[in-house]
Number of protein chains: 2
Amino acid sequence: MIFGLGSVLEKSREYLSTSDHASVVSINLFVALLCACIVIGHLLEEHKWMNESITALAIGLCTGALILLISGGKSSHLLVFSEDLFFIYLLPPIIFNAGFQVKKKQFFRNFMTIMLFAAVGTMISFTIISLGAIEIFKGMNIGSLELGDFLAIGAIFSATDSVCTLQVLHQDETPLLYSLVFGEGVVNDATSVVLFNAVQSFDLSHIDSRTALQLVGNFLYLFVTSTILGIVAGLFSAFLIKKLYFGRHSTDREVAIMMLMAYLSYMFSELFDLSAILTVFFCGIVMSHYTWHNVTSKSRVTTKHTFATLSFVAEIFIFLYVGMDALDIEKWNAISDSPGTSVKVTAILLGLVLVGRAAFVFPLSFLSNLAKKNAHDKIDIRQQVVIWWAGLMRGAVSMALAYNKFTKSGHTQLLGNSIMITSTISVVLFSTVVFGLLTKPLIQLLLPPSTELTRMVSDDALTPKGFMVPFLNGQSSEAELGNNYALPPNTIRMLLTTPTHTVHYYWRKFDNAFMRPVFGGRGFVPVDPGSPTEQSTPLIQ
Amino acid sequence: MIFGLGSVLEKSREYLSTSDHASVVSINLFVALLCACIVIGHLLEEHKWMNESITALAIGLCTGALILLISGGKSSHLLVFSEDLFFIYLLPPIIFNAGFQVKKKQFFRNFMTIMLFAAVGTMISFTIISLGAIEIFKGMNIGSLELGDFLAIGAIFSATDSVCTLQVLHQDETPLLYSLVFGEGVVNDATSVVLFNAVQSFDLSHIDSRTALQLVGNFLYLFVTSTILGIVAGLFSAFLIKKLYFGRHSTDREVAIMMLMAYLSYMFSELFDLSAILTVFFCGIVMSHYTWHNVTSKSRVTTKHTFATLSFVAEIFIFLYVGMDALDIEKWNAISDSPGTSVKVTAILLGLVLVGRAAFVFPLSFLSNLAKKNAHDKIDIRQQVVIWWAGLMRGAVSMALAYNKFTKSGHTQLLGNSIMITSTISVVLFSTVVFGLLTKPLIQLLLPPSTELTRMVSDDALTPKGFMVPFLNGQSSEAELGNNYALPPNTIRMLLTTPTHTVHYYWRKFDNAFMRPVFGGRGFVPVDPGSPTEQSTPLIQ
């Protein structure tokens with residue numbers, strides 16, 4: 001507990017390079033800005049138009065402008081952050097928390113629809129944007145772009161950013177819509193990244209049916225192996241904590257091992273060239289289903305809120321970063337001769353994004369509705385519009401993919417590259433700010449509160465949100481379990497008409513008979529009455 | 001919530017440098033080793049000799065050896081970590097948590113003794129080690145060391161590392177001893193670092209009384225300003241959270257703002273060349289006294305355990321790092337001609353450390369005992385031995401200061417420099433492993449359990465440990481407050497004989513009359529019955 005030094009870094013600047021001082025300054029600035037974003041976001045909570053993402057973006061832009069002014073128009077190094085920071089530290093907590101807090105029942109009930117939107121839909125969007133870009137940009141004077149570049153553009157602008165919409169939708173009020181938008185968002189990221197990588201690594205000079213088949217095979221392979229790795233990692237953590245029962249000695253160990261195992265699943269997937277996003281997402285789901293129930297009540301509260309907080313801070317950080325980075329002067333220098341072209345390209349891309357998304361949301365919703373017999377489960381036209389709108393924003397993923405693709409040959413020296421970079425920034429800013437600002441009013445218009453009744457309220461107990469149940473009374477969870485999952489005889493008819501419920505029923509049986517006794521989970525954790533953390537009487541120490 | 005990419009880093013290795021792959025591999029390795037340390041530490045919990053630090057050090061050494069073997073004796077880049085990582089990311093959570101979890105009443109009751117040991121004692125130790133090094137090393141053939149180098153050696157080996165001992169001592173069983181060892185550890189770090197910096201920056205060719213006075217003045221200035229900055233940061237966070245009442249909307253915001261403000265206090269202090277360790281330590285104390293009581297019960301549980309977990313992981317990380325770094329072959333190459341000299345220097349330094357510490361612990365304990373009238377508050381000889389022993393370990397701070405001093409002119413090319421680096425590593429390893437292994441048996445021998453009665457049990461409610469009180473019944477805390485702090489008339493005589501209690505009494509009056517109404521704290525938080533997080537009835541949602 002007792003180490004020291006810190007100020008040496010600062011004091012002994014003569015021995016170290018001056019980059020240390022710059023990094024201290026920029027960390028100070030960033031942390032202070034994060035605090036400002038949180039406070040302002042809190043104050044604007046009730047505001048009709050604003051949300052935390054836009055606030056962070058706006059603060060980032062203002063700070064960037066200020067730094068630019070102070071540094072006299074030169075590119076300030078305060079703005080430069082590495083991509084590593086972004087993908088190794090900021091992304092994992094966000095995706096893991098998405099899996100950890102997801103309402104599993106809703107997610108798996110709508111699994112087929114989510115996959116339809118996220119996999120098939122993203123493919124359609126990718127195709128339309130790529131073809132549109134090839135057709136339109138060929139006639140314009142924007143440098144030499146090749147087939148690979150156009151396909152990359154398709155992948156870059158297929159990656160949605162649903163944060164804004166999710167902040168407005170409520171999981172309890174519109175569970176179907178929420179789970180569709182949410183689920184699509186996560187899987188869409190994975191699909192876009194896999195598409196992007198596939199386009200980069202495949203030889204595009206001979207496109208034939210075999211190449212296309214390889215692409216599909218590669219996608220399925222990545223999807224399945226990444227998912228399995230995530231599930232295995234989650235189950236391993238559950239087994240480890242159940243067997244060793246860390247809580248007996250230390251809450252810290254439990255919390256630490258959960259965090260580290262989750263992070264390890266992400267990095268491990270990264271190491272083997274799999275889709276780390278999917279891995280950590282499914283690891284989160286499994287951890288919330290098994291591991292989370294094996295730890296002490298204090299650890300449950302801690303992990304739930306810590307994961308949510310880390311994700312929250314990482315999100316704000318990303319928007320702040322995107323805002324500040326947008327004004328990096330170097331990127332805008334190359335296109336200063338032809339500002340009109342960049343504006344035109346941005347407008348075209350925005351149009352393609354709008355069309356590309358409309359082209360799959362409405363047809364696929366129609367298809368999905370055909371397969372459903374219960375009118376309540378169908379996606380009505382207002383909900384379709386919300387789904388369409390929710391996927392129009394472009395965010396950090398698009399930026400990162402664009403940097404990766406268009407800064408490879410020199411720092412945005414080529415005209416084509418620099419136009420694509422600045423256009424991506426413009427699309428991200430415009431879609432996040434303008435579409436983002438319109439989201440709250442639009443949803444309030446289309447889905448006024450209390451139109452959609454709160455179905456699935458009992459779901460609460462399934463997710464970490466319902467942590468108070470075991471916290472107060474470890475035995476009641478068992479009884480509630482029966483209420484939720486065991487199918488009483490009079491619902492057999494309903495069961496026959498809804499096949500997803502049947503799958504869910506058998507999964508539940510398997511879960512109760514085999515999985516929970518081995519990996520723990522609600523109602524299957526041995527309560528050790530001698531352990532200090534499980535004692536409930538001497539709470540007032 | 002919905003970003004993605006990760007695997008791009010990995011996939012598109014052709015565009016990026018190969019360092020990305022190496023960093024992914026080393027992160028995987030490090031996270032996996034951290035998990036291993038936690039699991040093994042848990043399994044060895046009941047073991048008589050081992051503790052988590054030694055486990056981590058041993059695993060680090062083994063891994064370092066393994067990597068060395070695999071890479072064929074070359075310096076592997078997996079081992080290289082930046083100093084920034086160490087001081088900007090690992091140190092702040094450890095020191096902040098120390099302040100956050102400290103038993104404030106014990107700490108401030110023994111404040112004078114702690115300062116005596118940590119400030120005066122460290123000075124004495126510094127003087128003895130410096131003088132001893134000058135005397136002994138001058139006769140040996142270890143390159144050209146100057147006066148500044150010898151003084152730096154004194155500062156480097158005055159920085160103790162009390163982690164091992166604190167893991168063995170129990171705050172409840174031996175409160176006096178724990179608070180002395182603990183408090184000395186934190187302030188000792190600050191003192192050593194300030195001493196080191198002072199020695200580096202002062203012109204040592206003309207040492208006179210004015211220079212010495214400046215040194216003392218500089219030390220006092222740093223101490224006072226750093227402390228004030230920490231207190232101001234803590235109070236600001238308390239005020240902000242009390243005014244805005246974040247919990248109304250989101251637990252995440254509360255937790256995020258507490259973490260970010262704490263970190264900001266550290267970095268801010270760093271920015272202004274102050275002692276960041278002291279700042280973040282006092283920020284932690286203030287936060288646990290005010291801010292922590294202003295947040296919702298969920299946030300209380302979360303922050304308490306999150307800070308503890310972060311500190312725990314950072315500690316293990318540091319020992320793992322020191323263990324792996326110790327085998328970096330480059331450092332050992334330069335002294336391969338004279339291995340005997342390095343061993344001799346190590347032995348001499350260990351001897352000086354033993355003597356230097358004995359030279360102040362026993363005399364200062366005697367002085368401290370003279371000032372105390374209550375026999376119960378005196379430090380008996382067995383406790384003095386434990387205090388002496390607790391400060392013999394040398395850890396990460398010594399390593400970092402040594403790197404800072406002796407790698408400036410080329411990478412350990414000079415014989416003197418390389419000998420000092422390898423000797424520091426040897427002293428750190430030897431003292432941590434050998435002294436560390438002996439600590440548990442020694443303490444069990446000197447202080448058998450139940451010899452020292454559990455005084456101050458009621459203190460629990462003061463620190464975050466007692467969080468269950470307001471959690472269950474917000475009103476009881478008020479009553480308990482009266483029991484603990486208001487001085488009933490019949491203790492006036494006791495009050496007159498013990499001046500520290502008088503200070504405490506007036507502070508308590510001031511705290512209740514002015515500080516708590518403004519900054520919140522136990523019993524002074526407005527309970528908003530409408531807020532969802534404060535409702536106590538529908539806990540089973």
# chains A, B, ... in the order shown; residues from 1 in each chain; ligands from 1

$ select_by_dssp --residues "stretch 159-252 of chain B" --states "helix (DSSP H, G or I)" --output "ChimeraX atom specification"
/B:163-168,175-201,209-244,246-248,251-252

$ residues_around --residues "B:Tyr221" --least-positions-apart "6" --cutoff "10 Å" --atoms "only C-alpha atoms" --output "list in words"
Leu215, Thr227 and Leu274 of chain B

$ residues_around --residues "B:Ala326" --least-positions-apart "3" --cutoff "8 Å" --atoms "only C-alpha atoms" --output "count of residues only"
5

$ atom_distance --atom1 "atom CA of B:Arg516" --atom2 "atom CA of B:Met115"
27.2 Å

$ atom_distance --atom1 "atom CA of A:Ile335" --atom2 "atom CA of A:Leu401"
20.0 Å

$ residues_around --residues "stretch 24-31 of chain B" --least-positions-apart "2" --cutoff "6 Å" --atoms "only C-alpha atoms" --output "PyMOL selection string"
(chain A and resi 267) or (chain B and resi 21-22+33-34+78)

$ atom_distance --atom1 "atom CA of B:Met261" --atom2 "atom CA of B:Lys242"
14.3 Å

$ closest_residue --among "B:Ile67, B:Ile142, B:Leu151, B:Val186" --to "chain A" --atoms "only C-alpha atoms"
B:Val186

$ residues_around --residues "stretch 368-384 of chain B" --least-positions-apart "4" --cutoff "7 Å" --atoms "only C-alpha atoms" --output "PDB file with all heavy atoms, in the first residue's frame"
ATOM      1  N   THR B 113       3.190  11.251  16.515  1.00  0.00           N
ATOM      2  CA  THR B 113       4.151  10.148  16.494  1.00  0.00           C
ATOM      3  C   THR B 113       4.465   9.738  15.059  1.00  0.00           C
ATOM      4  O   THR B 113       5.623   9.481  14.703  1.00  0.00           O
ATOM      5  CB  THR B 113       3.582   8.944  17.263  1.00  0.00           C
ATOM      6  OG1 THR B 113       2.977   9.412  18.461  1.00  0.00           O
ATOM      7  CG2 THR B 113       4.664   7.946  17.590  1.00  0.00           C
ATOM      8  N   LEU B 177      -0.349   0.053  16.580  1.00  0.00           N
ATOM      9  CA  LEU B 177       0.762  -0.393  15.754  1.00  0.00           C
ATOM     10  C   LEU B 177       0.433  -0.233  14.283  1.00  0.00           C
ATOM     11  O   LEU B 177       1.242   0.275  13.494  1.00  0.00           O
ATOM     12  CB  LEU B 177       1.021  -1.867  16.074  1.00  0.00           C
ATOM     13  CG  LEU B 177       2.390  -2.407  15.749  1.00  0.00           C
ATOM     14  CD1 LEU B 177       3.441  -1.622  16.484  1.00  0.00           C
ATOM     15  CD2 LEU B 177       2.472  -3.866  16.135  1.00  0.00           C
ATOM     16  N   VAL B 361      14.170   4.343  15.078  1.00  0.00           N
ATOM     17  CA  VAL B 361      12.948   3.757  15.641  1.00  0.00           C
ATOM     18  C   VAL B 361      13.021   3.713  17.173  1.00  0.00           C
ATOM     19  O   VAL B 361      12.104   4.181  17.859  1.00  0.00           O
ATOM     20  CB  VAL B 361      12.693   2.349  15.067  1.00  0.00           C
ATOM     21  CG1 VAL B 361      11.605   1.644  15.857  1.00  0.00           C
ATOM     22  CG2 VAL B 361      12.285   2.447  13.610  1.00  0.00           C
ATOM     23  N   PHE B 362      14.130   3.214  17.708  1.00  0.00           N
ATOM     24  CA  PHE B 362      14.190   3.036  19.160  1.00  0.00           C
ATOM     25  C   PHE B 362      14.311   4.368  19.915  1.00  0.00           C
ATOM     26  O   PHE B 362      13.559   4.602  20.863  1.00  0.00           O
ATOM     27  CB  PHE B 362      15.293   2.030  19.510  1.00  0.00           C
ATOM     28  CG  PHE B 362      15.037   0.682  18.889  1.00  0.00           C
ATOM     29  CD1 PHE B 362      15.782   0.238  17.807  1.00  0.00           C
ATOM     30  CD2 PHE B 362      13.999  -0.125  19.351  1.00  0.00           C
ATOM     31  CE1 PHE B 362      15.520  -0.991  17.210  1.00  0.00           C
ATOM     32  CE2 PHE B 362      13.727  -1.358  18.754  1.00  0.00           C
ATOM     33  CZ  PHE B 362      14.488  -1.791  17.688  1.00  0.00           C
ATOM     34  N   LEU B 364      13.386   7.399  18.880  1.00  0.00           N
ATOM     35  CA  LEU B 364      12.172   8.192  18.703  1.00  0.00           C
ATOM     36  C   LEU B 364      10.994   7.581  19.475  1.00  0.00           C
ATOM     37  O   LEU B 364      10.128   8.306  19.976  1.00  0.00           O
ATOM     38  CB  LEU B 364      11.824   8.336  17.225  1.00  0.00           C
ATOM     39  CG  LEU B 364      12.780   9.193  16.379  1.00  0.00           C
ATOM     40  CD1 LEU B 364      12.292   9.289  14.945  1.00  0.00           C
ATOM     41  CD2 LEU B 364      12.924  10.592  16.960  1.00  0.00           C
ATOM     42  N   TRP B 388      10.326  -1.428  13.641  1.00  0.00           N
ATOM     43  CA  TRP B 388      11.637  -1.472  13.007  1.00  0.00           C
ATOM     44  C   TRP B 388      11.618  -2.447  11.832  1.00  0.00           C
ATOM     45  O   TRP B 388      12.006  -2.113  10.713  1.00  0.00           O
ATOM     46  CB  TRP B 388      12.684  -1.881  14.045  1.00  0.00           C
ATOM     47  CG  TRP B 388      14.043  -2.152  13.481  1.00  0.00           C
ATOM     48  CD1 TRP B 388      14.894  -1.235  12.931  1.00  0.00           C
ATOM     49  CD2 TRP B 388      14.706  -3.405  13.429  1.00  0.00           C
ATOM     50  NE1 TRP B 388      16.047  -1.842  12.531  1.00  0.00           N
ATOM     51  CE2 TRP B 388      15.977  -3.184  12.825  1.00  0.00           C
ATOM     52  CE3 TRP B 388      14.391  -4.692  13.844  1.00  0.00           C
ATOM     53  CZ2 TRP B 388      16.890  -4.211  12.618  1.00  0.00           C
ATOM     54  CZ3 TRP B 388      15.304  -5.709  13.639  1.00  0.00           C
ATOM     55  CH2 TRP B 388      16.547  -5.463  13.027  1.00  0.00           C
ATOM     56  N   LEU B 446       6.102 -12.207  18.395  1.00  0.00           N
ATOM     57  CA  LEU B 446       6.135 -11.017  19.255  1.00  0.00           C
ATOM     58  C   LEU B 446       4.748 -10.621  19.746  1.00  0.00           C
ATOM     59  O   LEU B 446       4.589 -10.164  20.880  1.00  0.00           O
ATOM     60  CB  LEU B 446       6.756  -9.842  18.497  1.00  0.00           C
ATOM     61  CG  LEU B 446       8.259  -9.910  18.268  1.00  0.00           C
ATOM     62  CD1 LEU B 446       8.709  -8.773  17.372  1.00  0.00           C
ATOM     63  CD2 LEU B 446       9.008  -9.861  19.596  1.00  0.00           C
TER      64      LEU B 446
END

$ residues_around --residues "B:Pro93" --least-positions-apart "3" --cutoff "9 Å" --atoms "only C-alpha atoms" --output "PDB file with C-alpha atoms, in the first residue's frame"
ATOM      1  CA  TYR B  89      -1.610   4.677 -13.381  1.00  0.00           C
ATOM      2  CA  LEU B  90      -0.503   2.274 -10.651  1.00  0.00           C
ATOM      3  CA  PHE B  96      -5.786   7.085  -2.579  1.00  0.00           C
ATOM      4  CA  ASN B  97      -7.152   3.850  -1.186  1.00  0.00           C
ATOM      5  CA  ALA B  98      -4.746   4.118   1.735  1.00  0.00           C
ATOM      6  CA  ALA B 262      -9.594  11.653  -6.837  1.00  0.00           C
ATOM      7  CA  TYR B 263      -7.438  11.025  -9.860  1.00  0.00           C
ATOM      8  CA  VAL B 280      -4.190  12.104  -3.071  1.00  0.00           C
ATOM      9  CA  PHE B 307     -11.045   1.514  -4.647  1.00  0.00           C
ATOM     10  CA  ALA B 308      -9.850  -1.439  -2.585  1.00  0.00           C
ATOM     11  CA  LEU B 310      -7.965  -1.245  -7.836  1.00  0.00           C
ATOM     12  CA  SER B 311      -5.367  -0.768  -5.141  1.00  0.00           C
ATOM     13  CA  PHE B 312      -5.070  -4.523  -4.658  1.00  0.00           C
ATOM     14  CA  ALA B 314      -2.086  -2.299  -8.723  1.00  0.00           C
TER      15      ALA B 314
END
